[in-house]
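Q: This is target.cif, which holds mmCIF, N, CA and C atoms:
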```cif
data_work
loop_
_atom_site.label_atom_id
_atom_site.label_comp_id
_atom_site.auth_asym_id
_atom_site.auth_seq_id
_atom_site.Cartn_x
_atom_site.Cartn_y
_atom_site.Cartn_z
N MET A 21 133.32 84.09 145.52
CA MET A 21 132.08 83.41 145.74
C MET A 21 131.33 83.22 144.42
N THR A 22 131.92 82.57 143.46
CA THR A 22 131.28 82.33 142.18
C THR A 22 130.41 81.09 142.29
N PRO A 23 129.11 81.23 142.02
CA PRO A 23 128.23 80.06 142.11
C PRO A 23 128.61 78.97 141.12
N LYS A 24 128.59 77.73 141.58
CA LYS A 24 128.93 76.57 140.75
C LYS A 24 127.77 76.19 139.82
N HIS A 25 126.54 76.37 140.29
CA HIS A 25 125.38 75.85 139.57
C HIS A 25 124.64 76.89 138.73
N LEU A 26 124.61 78.13 139.17
CA LEU A 26 123.82 79.16 138.52
C LEU A 26 124.24 79.34 137.07
N GLY A 27 123.29 79.16 136.16
CA GLY A 27 123.56 79.32 134.73
C GLY A 27 124.32 78.17 134.10
N GLN A 28 124.51 77.09 134.84
CA GLN A 28 125.25 75.92 134.35
C GLN A 28 124.39 74.67 134.43
N PRO A 29 124.58 73.72 133.51
CA PRO A 29 123.90 72.43 133.69
C PRO A 29 124.47 71.75 134.94
N SER A 30 123.61 71.19 135.75
CA SER A 30 124.06 70.55 137.00
C SER A 30 123.31 69.25 137.21
N ALA A 31 124.07 68.20 137.44
CA ALA A 31 123.47 66.90 137.73
C ALA A 31 123.06 66.83 139.19
N LEU A 32 122.08 66.00 139.49
CA LEU A 32 121.66 65.79 140.86
C LEU A 32 122.82 65.14 141.62
N PRO A 33 123.20 65.69 142.77
CA PRO A 33 124.29 65.08 143.54
C PRO A 33 123.93 63.67 143.98
N THR A 34 124.96 62.85 144.18
CA THR A 34 124.74 61.45 144.57
C THR A 34 124.33 61.30 146.03
N SER A 35 124.59 62.32 146.83
CA SER A 35 124.21 62.29 148.25
C SER A 35 124.17 63.72 148.77
N PRO A 36 123.51 63.94 149.91
CA PRO A 36 123.53 65.29 150.50
C PRO A 36 124.95 65.76 150.82
N ASP A 37 125.81 64.84 151.27
CA ASP A 37 127.19 65.22 151.59
C ASP A 37 127.97 65.65 150.35
N ALA A 38 127.64 65.07 149.19
CA ALA A 38 128.33 65.41 147.95
C ALA A 38 127.80 66.70 147.33
N ALA A 39 126.65 67.17 147.79
CA ALA A 39 126.03 68.38 147.23
C ALA A 39 126.83 69.62 147.61
N VAL A 40 126.96 70.52 146.65
CA VAL A 40 127.63 71.81 146.89
C VAL A 40 126.54 72.88 146.94
N LEU A 41 126.46 73.55 148.07
CA LEU A 41 125.52 74.67 148.21
C LEU A 41 126.26 75.96 147.86
N ASP A 42 125.63 76.76 147.02
CA ASP A 42 126.20 78.05 146.64
C ASP A 42 125.55 79.15 147.46
N TYR A 43 126.34 80.14 147.80
CA TYR A 43 125.87 81.31 148.54
C TYR A 43 126.30 82.55 147.77
N VAL A 44 125.42 83.51 147.72
CA VAL A 44 125.72 84.77 147.04
C VAL A 44 125.58 85.91 148.06
N PRO A 45 126.20 87.05 147.78
CA PRO A 45 126.12 88.16 148.73
C PRO A 45 124.68 88.61 148.97
N ASN A 46 124.39 88.91 150.21
CA ASN A 46 123.10 89.46 150.59
C ASN A 46 123.02 90.88 150.03
N PRO A 47 122.03 91.16 149.18
CA PRO A 47 121.95 92.50 148.58
C PRO A 47 121.45 93.58 149.53
N ARG A 48 120.97 93.21 150.72
CA ARG A 48 120.38 94.17 151.67
C ARG A 48 120.89 93.92 153.08
N THR A 49 122.18 93.97 153.28
CA THR A 49 122.73 93.65 154.61
C THR A 49 122.32 94.65 155.69
N ALA A 50 121.96 95.87 155.32
CA ALA A 50 121.58 96.88 156.31
C ALA A 50 120.12 96.74 156.76
N THR A 51 119.36 95.90 156.08
CA THR A 51 117.93 95.75 156.37
C THR A 51 117.63 94.32 156.80
N PRO A 52 117.24 94.10 158.05
CA PRO A 52 116.86 92.75 158.45
C PRO A 52 115.55 92.34 157.76
N TYR A 53 115.54 91.17 157.17
CA TYR A 53 114.34 90.66 156.50
C TYR A 53 114.34 89.15 156.55
N LEU A 54 113.20 88.55 156.30
CA LEU A 54 113.04 87.10 156.37
C LEU A 54 112.95 86.53 154.95
N VAL A 55 113.63 85.42 154.74
CA VAL A 55 113.53 84.65 153.50
C VAL A 55 112.83 83.34 153.84
N ARG A 56 111.83 82.96 153.05
CA ARG A 56 111.14 81.69 153.24
C ARG A 56 111.35 80.84 152.00
N LEU A 57 111.81 79.62 152.21
CA LEU A 57 112.01 78.63 151.15
C LEU A 57 111.12 77.44 151.49
N THR A 58 110.32 77.00 150.53
CA THR A 58 109.38 75.92 150.77
C THR A 58 109.63 74.79 149.78
N ALA A 59 109.73 73.58 150.29
CA ALA A 59 109.90 72.39 149.45
C ALA A 59 108.75 71.43 149.77
N PRO A 60 107.62 71.56 149.05
CA PRO A 60 106.45 70.75 149.39
C PRO A 60 106.52 69.30 148.91
N GLU A 61 107.57 68.94 148.17
CA GLU A 61 107.68 67.58 147.64
C GLU A 61 109.01 66.94 148.00
N PHE A 62 109.51 67.20 149.20
CA PHE A 62 110.78 66.64 149.65
C PHE A 62 110.64 65.14 149.85
N THR A 63 111.66 64.39 149.45
CA THR A 63 111.65 62.94 149.64
C THR A 63 113.00 62.46 150.16
N SER A 64 112.95 61.40 150.94
CA SER A 64 114.13 60.68 151.38
C SER A 64 113.71 59.21 151.51
N LEU A 65 114.62 58.39 151.99
CA LEU A 65 114.30 56.97 152.15
C LEU A 65 114.30 56.57 153.62
N CYS A 66 113.39 55.70 153.99
CA CYS A 66 113.37 55.15 155.33
C CYS A 66 114.65 54.31 155.50
N PRO A 67 115.42 54.54 156.57
CA PRO A 67 116.66 53.79 156.75
C PRO A 67 116.44 52.33 157.14
N VAL A 68 115.23 51.97 157.49
CA VAL A 68 114.94 50.59 157.88
C VAL A 68 114.38 49.80 156.71
N THR A 69 113.36 50.35 156.04
CA THR A 69 112.67 49.61 154.98
C THR A 69 113.14 49.97 153.57
N GLY A 70 113.76 51.13 153.42
CA GLY A 70 114.17 51.60 152.08
C GLY A 70 113.02 52.21 151.30
N GLN A 71 111.84 52.30 151.90
CA GLN A 71 110.69 52.89 151.24
C GLN A 71 110.80 54.42 151.26
N PRO A 72 110.20 55.10 150.27
CA PRO A 72 110.28 56.56 150.25
C PRO A 72 109.44 57.20 151.35
N ASP A 73 109.97 58.29 151.88
CA ASP A 73 109.27 59.14 152.84
C ASP A 73 109.10 60.50 152.20
N PHE A 74 108.00 61.18 152.52
CA PHE A 74 107.67 62.45 151.89
C PHE A 74 107.44 63.51 152.96
N ALA A 75 107.87 64.73 152.67
CA ALA A 75 107.70 65.82 153.62
C ALA A 75 107.45 67.14 152.89
N HIS A 76 106.87 68.04 153.62
CA HIS A 76 106.71 69.44 153.21
C HIS A 76 107.66 70.22 154.12
N LEU A 77 108.74 70.76 153.56
CA LEU A 77 109.72 71.51 154.35
C LEU A 77 109.48 73.01 154.19
N VAL A 78 109.60 73.75 155.29
CA VAL A 78 109.55 75.20 155.26
C VAL A 78 110.79 75.70 156.00
N ILE A 79 111.64 76.43 155.28
CA ILE A 79 112.87 76.97 155.84
C ILE A 79 112.74 78.49 155.86
N ASP A 80 112.85 79.07 157.03
CA ASP A 80 112.82 80.52 157.20
C ASP A 80 114.18 80.96 157.73
N TYR A 81 114.73 82.05 157.17
CA TYR A 81 115.98 82.57 157.73
C TYR A 81 116.09 84.07 157.52
N VAL A 82 116.87 84.68 158.42
CA VAL A 82 117.22 86.09 158.31
C VAL A 82 118.68 86.10 157.86
N PRO A 83 118.94 86.58 156.64
CA PRO A 83 120.31 86.51 156.12
C PRO A 83 121.30 87.38 156.89
N GLY A 84 122.53 86.89 156.91
CA GLY A 84 123.66 87.68 157.37
C GLY A 84 124.34 88.27 156.14
N ARG A 85 125.56 87.87 155.90
CA ARG A 85 126.31 88.38 154.73
C ARG A 85 125.92 87.71 153.43
N THR A 86 125.33 86.49 153.50
CA THR A 86 125.01 85.75 152.28
C THR A 86 123.58 85.23 152.29
N ILE A 87 123.12 84.84 151.11
CA ILE A 87 121.86 84.12 150.94
C ILE A 87 122.17 82.85 150.16
N VAL A 88 121.35 81.82 150.37
CA VAL A 88 121.58 80.57 149.64
C VAL A 88 121.01 80.72 148.23
N GLU A 89 121.75 80.23 147.26
CA GLU A 89 121.30 80.27 145.85
C GLU A 89 120.30 79.13 145.67
N SER A 90 119.13 79.45 145.13
CA SER A 90 118.00 78.50 145.14
C SER A 90 118.23 77.25 144.29
N LYS A 91 118.94 77.35 143.17
CA LYS A 91 119.18 76.15 142.35
C LYS A 91 120.05 75.17 143.13
N SER A 92 121.07 75.65 143.80
CA SER A 92 121.93 74.75 144.55
C SER A 92 121.17 74.13 145.72
N LEU A 93 120.25 74.89 146.33
CA LEU A 93 119.42 74.34 147.41
C LEU A 93 118.51 73.25 146.86
N LYS A 94 117.94 73.49 145.69
CA LYS A 94 117.06 72.48 145.07
C LYS A 94 117.84 71.19 144.81
N LEU A 95 119.07 71.29 144.33
CA LEU A 95 119.89 70.11 144.07
C LEU A 95 120.27 69.41 145.38
N PHE A 96 120.60 70.19 146.40
CA PHE A 96 120.93 69.63 147.71
C PHE A 96 119.74 68.85 148.27
N LEU A 97 118.56 69.47 148.26
CA LEU A 97 117.37 68.78 148.76
C LEU A 97 117.03 67.57 147.92
N GLY A 98 117.21 67.66 146.61
CA GLY A 98 116.95 66.53 145.72
C GLY A 98 117.86 65.35 146.00
N ALA A 99 119.07 65.62 146.50
CA ALA A 99 120.02 64.54 146.79
C ALA A 99 119.54 63.63 147.92
N PHE A 100 118.56 64.08 148.69
CA PHE A 100 118.03 63.26 149.77
C PHE A 100 117.13 62.14 149.27
N ARG A 101 116.69 62.19 148.02
CA ARG A 101 115.73 61.18 147.56
C ARG A 101 116.31 59.77 147.53
N ASN A 102 117.64 59.65 147.51
CA ASN A 102 118.29 58.34 147.60
C ASN A 102 119.07 58.19 148.90
N HIS A 103 118.78 59.06 149.86
CA HIS A 103 119.48 59.07 151.16
C HIS A 103 118.58 58.41 152.21
N ALA A 104 119.13 57.44 152.90
CA ALA A 104 118.39 56.77 153.97
C ALA A 104 118.65 57.49 155.28
N GLY A 105 117.60 58.10 155.83
CA GLY A 105 117.76 58.81 157.10
C GLY A 105 116.41 58.98 157.77
N PHE A 106 116.43 58.95 159.09
CA PHE A 106 115.20 59.21 159.83
C PHE A 106 114.78 60.66 159.62
N HIS A 107 113.51 60.95 159.82
CA HIS A 107 112.97 62.30 159.62
C HIS A 107 113.77 63.34 160.40
N GLU A 108 114.08 63.00 161.65
CA GLU A 108 114.80 63.93 162.52
C GLU A 108 116.18 64.25 161.95
N ASP A 109 116.87 63.22 161.46
CA ASP A 109 118.21 63.40 160.90
C ASP A 109 118.18 64.29 159.66
N CYS A 110 117.24 64.03 158.78
CA CYS A 110 117.14 64.83 157.55
C CYS A 110 116.81 66.29 157.86
N THR A 111 115.78 66.51 158.66
CA THR A 111 115.31 67.86 158.94
C THR A 111 116.36 68.69 159.67
N VAL A 112 116.87 68.17 160.76
CA VAL A 112 117.85 68.91 161.55
C VAL A 112 119.18 69.03 160.79
N GLY A 113 119.54 67.99 160.04
CA GLY A 113 120.77 68.03 159.26
C GLY A 113 120.76 69.14 158.21
N ILE A 114 119.62 69.35 157.57
CA ILE A 114 119.50 70.45 156.59
C ILE A 114 119.72 71.78 157.29
N ALA A 115 119.07 71.97 158.42
CA ALA A 115 119.21 73.24 159.17
C ALA A 115 120.65 73.46 159.62
N GLU A 116 121.27 72.42 160.16
CA GLU A 116 122.64 72.57 160.66
C GLU A 116 123.63 72.89 159.53
N ARG A 117 123.42 72.28 158.39
CA ARG A 117 124.33 72.58 157.26
C ARG A 117 124.18 74.02 156.80
N LEU A 118 122.93 74.48 156.66
CA LEU A 118 122.70 75.87 156.26
C LEU A 118 123.27 76.84 157.29
N MET A 119 123.09 76.55 158.57
CA MET A 119 123.63 77.42 159.63
C MET A 119 125.14 77.49 159.55
N ALA A 120 125.78 76.34 159.41
CA ALA A 120 127.24 76.29 159.41
C ALA A 120 127.85 77.00 158.21
N GLU A 121 127.24 76.83 157.05
CA GLU A 121 127.82 77.39 155.83
C GLU A 121 127.37 78.81 155.54
N MET A 122 126.10 79.08 155.65
CA MET A 122 125.55 80.40 155.29
C MET A 122 125.71 81.40 156.43
N GLN A 123 125.69 80.92 157.66
CA GLN A 123 125.79 81.75 158.86
C GLN A 123 124.75 82.88 158.88
N PRO A 124 123.47 82.49 158.78
CA PRO A 124 122.42 83.51 158.86
C PRO A 124 122.32 84.06 160.27
N ILE A 125 121.63 85.16 160.40
CA ILE A 125 121.38 85.75 161.72
C ILE A 125 120.45 84.83 162.51
N TRP A 126 119.49 84.23 161.83
CA TRP A 126 118.52 83.35 162.46
C TRP A 126 117.99 82.38 161.41
N LEU A 127 117.67 81.16 161.83
CA LEU A 127 117.12 80.16 160.91
C LEU A 127 116.20 79.24 161.69
N ARG A 128 115.11 78.84 161.03
CA ARG A 128 114.25 77.78 161.57
C ARG A 128 113.82 76.90 160.40
N ILE A 129 113.49 75.66 160.73
CA ILE A 129 112.96 74.74 159.73
C ILE A 129 111.79 73.99 160.35
N GLY A 130 110.75 73.79 159.54
CA GLY A 130 109.64 72.93 159.90
C GLY A 130 109.61 71.79 158.90
N GLY A 131 109.73 70.58 159.38
CA GLY A 131 109.63 69.40 158.52
C GLY A 131 108.31 68.71 158.83
N TYR A 132 107.36 68.83 157.91
CA TYR A 132 106.02 68.26 158.09
C TYR A 132 105.97 66.96 157.28
N TRP A 133 106.22 65.84 157.96
CA TRP A 133 106.36 64.55 157.30
C TRP A 133 105.00 63.85 157.20
N TYR A 134 104.76 63.24 156.07
CA TYR A 134 103.54 62.49 155.86
C TYR A 134 103.61 61.18 156.65
N PRO A 135 102.47 60.57 156.94
CA PRO A 135 102.45 59.41 157.84
C PRO A 135 103.35 58.26 157.41
N ARG A 136 103.99 57.70 158.41
CA ARG A 136 104.71 56.44 158.28
C ARG A 136 104.10 55.56 159.35
N GLY A 137 103.54 54.44 158.94
CA GLY A 137 102.86 53.58 159.91
C GLY A 137 101.65 54.24 160.53
N GLY A 138 101.02 55.16 159.78
CA GLY A 138 99.83 55.83 160.26
C GLY A 138 100.08 57.03 161.15
N ILE A 139 101.36 57.38 161.41
CA ILE A 139 101.68 58.49 162.31
C ILE A 139 102.47 59.55 161.54
N PRO A 140 101.89 60.76 161.37
CA PRO A 140 102.70 61.83 160.79
C PRO A 140 103.70 62.31 161.84
N ILE A 141 104.89 62.65 161.40
CA ILE A 141 105.95 63.12 162.30
C ILE A 141 106.37 64.50 161.83
N ASP A 142 106.28 65.48 162.71
CA ASP A 142 106.70 66.84 162.37
C ASP A 142 107.92 67.18 163.21
N ILE A 143 108.93 67.76 162.56
CA ILE A 143 110.19 68.09 163.21
C ILE A 143 110.41 69.59 163.09
N PHE A 144 110.74 70.24 164.20
CA PHE A 144 110.97 71.69 164.22
C PHE A 144 112.33 71.98 164.86
N TRP A 145 113.06 72.92 164.27
CA TRP A 145 114.36 73.33 164.81
C TRP A 145 114.53 74.81 164.51
N GLN A 146 115.12 75.53 165.47
CA GLN A 146 115.48 76.91 165.19
C GLN A 146 116.74 77.26 165.95
N SER A 147 117.44 78.27 165.44
CA SER A 147 118.74 78.63 165.99
C SER A 147 118.67 79.47 167.25
N GLY A 148 117.53 79.98 167.59
CA GLY A 148 117.36 80.85 168.76
C GLY A 148 116.16 81.74 168.52
N LEU A 149 116.10 82.85 169.22
CA LEU A 149 115.00 83.78 169.02
C LEU A 149 115.24 84.62 167.77
N PRO A 150 114.18 84.89 166.99
CA PRO A 150 114.35 85.74 165.80
C PRO A 150 114.58 87.20 166.21
N PRO A 151 115.20 87.98 165.33
CA PRO A 151 115.36 89.41 165.63
C PRO A 151 114.00 90.07 165.84
N GLU A 152 113.90 90.97 166.79
CA GLU A 152 112.63 91.63 167.13
C GLU A 152 112.05 92.42 165.98
N THR A 153 112.88 92.95 165.11
CA THR A 153 112.39 93.83 164.04
C THR A 153 111.94 93.08 162.79
N VAL A 154 112.04 91.75 162.79
CA VAL A 154 111.69 90.97 161.60
C VAL A 154 110.34 90.29 161.81
N TRP A 155 109.46 90.44 160.82
CA TRP A 155 108.17 89.77 160.86
C TRP A 155 108.39 88.30 160.50
N VAL A 156 107.97 87.41 161.37
CA VAL A 156 108.10 85.98 161.15
C VAL A 156 106.70 85.39 161.10
N PRO A 157 106.15 85.18 159.89
CA PRO A 157 104.80 84.63 159.78
C PRO A 157 104.75 83.16 160.19
N ALA A 158 103.57 82.70 160.54
CA ALA A 158 103.36 81.28 160.82
C ALA A 158 103.66 80.47 159.57
N GLN A 159 104.08 79.25 159.76
CA GLN A 159 104.40 78.42 158.59
C GLN A 159 103.14 77.92 157.88
N ASP A 160 102.03 77.87 158.58
CA ASP A 160 100.73 77.56 157.98
C ASP A 160 100.65 76.25 157.21
N VAL A 161 101.38 75.25 157.64
CA VAL A 161 101.20 73.92 157.05
C VAL A 161 100.22 73.21 157.96
N PRO A 162 99.08 72.78 157.42
CA PRO A 162 98.04 72.21 158.28
C PRO A 162 98.49 70.91 158.94
N GLY A 163 97.92 70.66 160.12
CA GLY A 163 98.11 69.38 160.76
C GLY A 163 97.58 68.29 159.83
N TYR A 164 98.01 67.08 160.02
CA TYR A 164 97.66 66.05 159.06
C TYR A 164 96.19 65.71 159.05
N ARG A 165 95.56 65.92 157.93
CA ARG A 165 94.22 65.47 157.59
C ARG A 165 94.21 65.38 156.08
N GLY A 166 95.08 64.50 155.56
CA GLY A 166 95.24 64.43 154.13
C GLY A 166 96.03 65.64 153.65
N ARG A 167 97.05 65.99 154.41
CA ARG A 167 97.87 67.17 154.20
C ARG A 167 98.05 67.49 152.72
N GLY A 168 97.93 68.75 152.41
CA GLY A 168 98.21 69.16 151.04
C GLY A 168 97.20 70.13 150.52
#
```
Taking this structure as input, can you express it in the form of structure tokens?
A:
Amino acid sequence: MTPKHLGQPSALPTSPDAAVLDYVPNPRTATPYLVRLTAPEFTSLCPVTGQPDFAHLVIDYVPGRTIVESKSLKLFLGAFRNHAGFHEDCTVGIAERLMAEMQPIWLRIGGYWYPRGGIPIDIFWQSGLPPETVWVPAQDVPGYRGRG
């Protein structure tokens, strides 16, 4: 499990599918804990108009055997800036890829999208109920009123 990106120059992937996510061993497998990753400047393209869409993503997960390496996650998320996809596809697709590859004990994502056509769209997905012993704080991204 040698990371491809850590400590190496890495170009932005041409697409989310071309992105390689690196995973490293969980240093605390005996202790259930929550990891929160926040991407407040996520971008993708509208599949109809080609115009940019913006979101604030919050990814929470309880690691299993591995954790996602943050540089590779940043490159993966950055690859969406030239990807045409509806908000639902981008948000749920990120969660499904992390679930399939990292195999965390639990994962949820909140995609807080800025208005398109005057309507903000928020997308939520989770893998099931979180472990009882793990503190799961609220995501605390405000409802749209000039979000930010």
Q: Atom C of Asp160 of chain A to atom N of Val78 of chain A: how many Å, to one decimal?
A: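 A separation of 9.5 Å between them.
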Q: Restricting the calculation to only C-alpha atoms, which member of A:Leu57, A:Pro23, A:Pro36, A:Ile79 is positioned closest to Asp109 of chain A?
A: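 Among the listed residues, A:Pro36 lies closest to Asp109 of chain A.
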Q: For a quick check of understanding, using all atoms listed in the file, which of A:Val40, A:Ala115, A:Ala75, A:Ile143 has the smallest distance to Leu93 of chain A?
A: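 Ranked by minimum distance to Leu93 of chain A, first place goes to A:Val40.
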Q: Residues at most 7 Å from Asn102 of chain A, counting all atoms listed in the file, excluding those fewer than 6 positions away in the same chain, as a ChimeraX atom specification?
A: /A:34-35,63-65
Q: Run the PyMOL selection byres (((chain A and resi 155 and name CA) around 12) and name CA) on the file and write out the hits as a list in words.
A: Pro52, Tyr53, Leu54, Val55, Arg56, Asp80, Tyr81, Val82, Pro150, Pro151, Glu152, Thr153, Val154, Val156, Pro157 and Ala158 of chain A
Q: So how many Å separate atom CA of Lys24 of chain A and atom CA of Asp42 of chain A, to one decimal?
A: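 Answer for the atom CA of Lys24 of chain A to atom CA of Asp42 of chain A separation: 6.7 Å.
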Q: With 3 Å on each side, where is the centre of the axis-aligned box around all listed atoms of segment 61-72 of chain A, and how long are its edges in Å to one decimal, as AutoDock Vina command-line options?
A:
```
--center_x 112.1 --center_y 59.3 --center_z 152.8 --size_x 15.1 --size_y 25.3 --size_z 16.2
```
Q: Have segment 138-147 of chain A completed to all heavy atoms, please, and pass it along as a PDB file, keeping the file's coordinate frame.
A:
```pdb
ATOM      1  N   GLY A 138     101.020  55.160 159.780  1.00  0.00           N
ATOM      2  CA  GLY A 138      99.830  55.830 160.260  1.00  0.00           C
ATOM      3  C   GLY A 138     100.080  57.030 161.150  1.00  0.00           C
ATOM      4  O   GLY A 138      99.139  57.662 161.619  1.00  0.00           O
ATOM      5  N   ILE A 139     101.360  57.380 161.410  1.00  0.00           N
ATOM      6  CA  ILE A 139     101.680  58.490 162.310  1.00  0.00           C
ATOM      7  C   ILE A 139     102.470  59.550 161.540  1.00  0.00           C
ATOM      8  O   ILE A 139     103.600  59.295 161.116  1.00  0.00           O
ATOM      9  CB  ILE A 139     102.505  58.010 163.513  1.00  0.00           C
ATOM     10  CG1 ILE A 139     101.731  56.958 164.320  1.00  0.00           C
ATOM     11  CG2 ILE A 139     102.913  59.193 164.397  1.00  0.00           C
ATOM     12  CD1 ILE A 139     102.542  56.319 165.420  1.00  0.00           C
ATOM     13  N   PRO A 140     101.890  60.760 161.370  1.00  0.00           N
ATOM     14  CA  PRO A 140     102.700  61.830 160.790  1.00  0.00           C
ATOM     15  C   PRO A 140     103.700  62.310 161.840  1.00  0.00           C
ATOM     16  O   PRO A 140     103.391  62.337 163.035  1.00  0.00           O
ATOM     17  CB  PRO A 140     101.675  62.921 160.463  1.00  0.00           C
ATOM     18  CG  PRO A 140     100.519  62.655 161.348  1.00  0.00           C
ATOM     19  CD  PRO A 140     100.526  61.174 161.638  1.00  0.00           C
ATOM     20  N   ILE A 141     104.890  62.650 161.400  1.00  0.00           N
ATOM     21  CA  ILE A 141     105.950  63.120 162.300  1.00  0.00           C
ATOM     22  C   ILE A 141     106.370  64.500 161.830  1.00  0.00           C
ATOM     23  O   ILE A 141     106.771  64.674 160.673  1.00  0.00           O
ATOM     24  CB  ILE A 141     107.151  62.152 162.292  1.00  0.00           C
ATOM     25  CG1 ILE A 141     106.718  60.754 162.730  1.00  0.00           C
ATOM     26  CG2 ILE A 141     108.279  62.692 163.173  1.00  0.00           C
ATOM     27  CD1 ILE A 141     107.791  59.687 162.577  1.00  0.00           C
ATOM     28  N   ASP A 142     106.280  65.480 162.710  1.00  0.00           N
ATOM     29  CA  ASP A 142     106.700  66.840 162.370  1.00  0.00           C
ATOM     30  C   ASP A 142     107.920  67.180 163.210  1.00  0.00           C
ATOM     31  O   ASP A 142     107.954  66.928 164.413  1.00  0.00           O
ATOM     32  CB  ASP A 142     105.571  67.839 162.640  1.00  0.00           C
ATOM     33  CG  ASP A 142     104.353  67.596 161.752  1.00  0.00           C
ATOM     34  OD1 ASP A 142     104.512  67.018 160.662  1.00  0.00           O
ATOM     35  OD2 ASP A 142     103.251  67.992 162.149  1.00  0.00           O
ATOM     36  N   ILE A 143     108.930  67.760 162.560  1.00  0.00           N
ATOM     37  CA  ILE A 143     110.190  68.090 163.210  1.00  0.00           C
ATOM     38  C   ILE A 143     110.410  69.590 163.090  1.00  0.00           C
ATOM     39  O   ILE A 143     110.304  70.160 161.992  1.00  0.00           O
ATOM     40  CB  ILE A 143     111.381  67.362 162.533  1.00  0.00           C
ATOM     41  CG1 ILE A 143     111.105  65.876 162.312  1.00  0.00           C
ATOM     42  CG2 ILE A 143     112.678  67.613 163.301  1.00  0.00           C
ATOM     43  CD1 ILE A 143     110.854  65.070 163.544  1.00  0.00           C
ATOM     44  N   PHE A 144     110.740  70.240 164.200  1.00  0.00           N
ATOM     45  CA  PHE A 144     110.970  71.690 164.220  1.00  0.00           C
ATOM     46  C   PHE A 144     112.330  71.980 164.860  1.00  0.00           C
ATOM     47  O   PHE A 144     112.678  71.384 165.874  1.00  0.00           O
ATOM     48  CB  PHE A 144     109.868  72.396 164.995  1.00  0.00           C
ATOM     49  CG  PHE A 144     108.493  72.075 164.475  1.00  0.00           C
ATOM     50  CD1 PHE A 144     107.704  71.129 165.113  1.00  0.00           C
ATOM     51  CD2 PHE A 144     108.005  72.687 163.342  1.00  0.00           C
ATOM     52  CE1 PHE A 144     106.443  70.814 164.630  1.00  0.00           C
ATOM     53  CE2 PHE A 144     106.743  72.377 162.850  1.00  0.00           C
ATOM     54  CZ  PHE A 144     105.964  71.444 163.495  1.00  0.00           C
ATOM     55  N   TRP A 145     113.060  72.920 164.270  1.00  0.00           N
ATOM     56  CA  TRP A 145     114.360  73.330 164.810  1.00  0.00           C
ATOM     57  C   TRP A 145     114.530  74.810 164.510  1.00  0.00           C
ATOM     58  O   TRP A 145     114.128  75.288 163.446  1.00  0.00           O
ATOM     59  CB  TRP A 145     115.473  72.532 164.128  1.00  0.00           C
ATOM     60  CG  TRP A 145     116.841  72.828 164.651  1.00  0.00           C
ATOM     61  CD1 TRP A 145     117.505  72.144 165.627  1.00  0.00           C
ATOM     62  CD2 TRP A 145     117.736  73.868 164.225  1.00  0.00           C
ATOM     63  NE1 TRP A 145     118.741  72.702 165.843  1.00  0.00           N
ATOM     64  CE2 TRP A 145     118.901  73.770 164.988  1.00  0.00           C
ATOM     65  CE3 TRP A 145     117.655  74.887 163.284  1.00  0.00           C
ATOM     66  CZ2 TRP A 145     119.979  74.629 164.844  1.00  0.00           C
ATOM     67  CZ3 TRP A 145     118.719  75.762 163.130  1.00  0.00           C
ATOM     68  CH2 TRP A 145     119.876  75.616 163.904  1.00  0.00           C
ATOM     69  N   GLN A 146     115.120  75.530 165.470  1.00  0.00           N
ATOM     70  CA  GLN A 146     115.480  76.910 165.190  1.00  0.00           C
ATOM     71  C   GLN A 146     116.740  77.260 165.950  1.00  0.00           C
ATOM     72  O   GLN A 146     117.060  76.648 166.972  1.00  0.00           O
ATOM     73  CB  GLN A 146     114.364  77.895 165.462  1.00  0.00           C
ATOM     74  CG  GLN A 146     114.023  78.160 166.898  1.00  0.00           C
ATOM     75  CD  GLN A 146     112.901  79.185 167.011  1.00  0.00           C
ATOM     76  OE1 GLN A 146     112.049  79.313 166.138  1.00  0.00           O
ATOM     77  NE2 GLN A 146     112.888  79.925 168.102  1.00  0.00           N
ATOM     78  N   SER A 147     117.440  78.270 165.440  1.00  0.00           N
ATOM     79  CA  SER A 147     118.740  78.630 165.990  1.00  0.00           C
ATOM     80  C   SER A 147     118.670  79.470 167.250  1.00  0.00           C
ATOM     81  O   SER A 147     119.673  79.658 167.917  1.00  0.00           O
ATOM     82  CB  SER A 147     119.552  79.374 164.920  1.00  0.00           C
ATOM     83  OG  SER A 147     118.901  80.582 164.554  1.00  0.00           O
TER      84      SER A 147
END
```
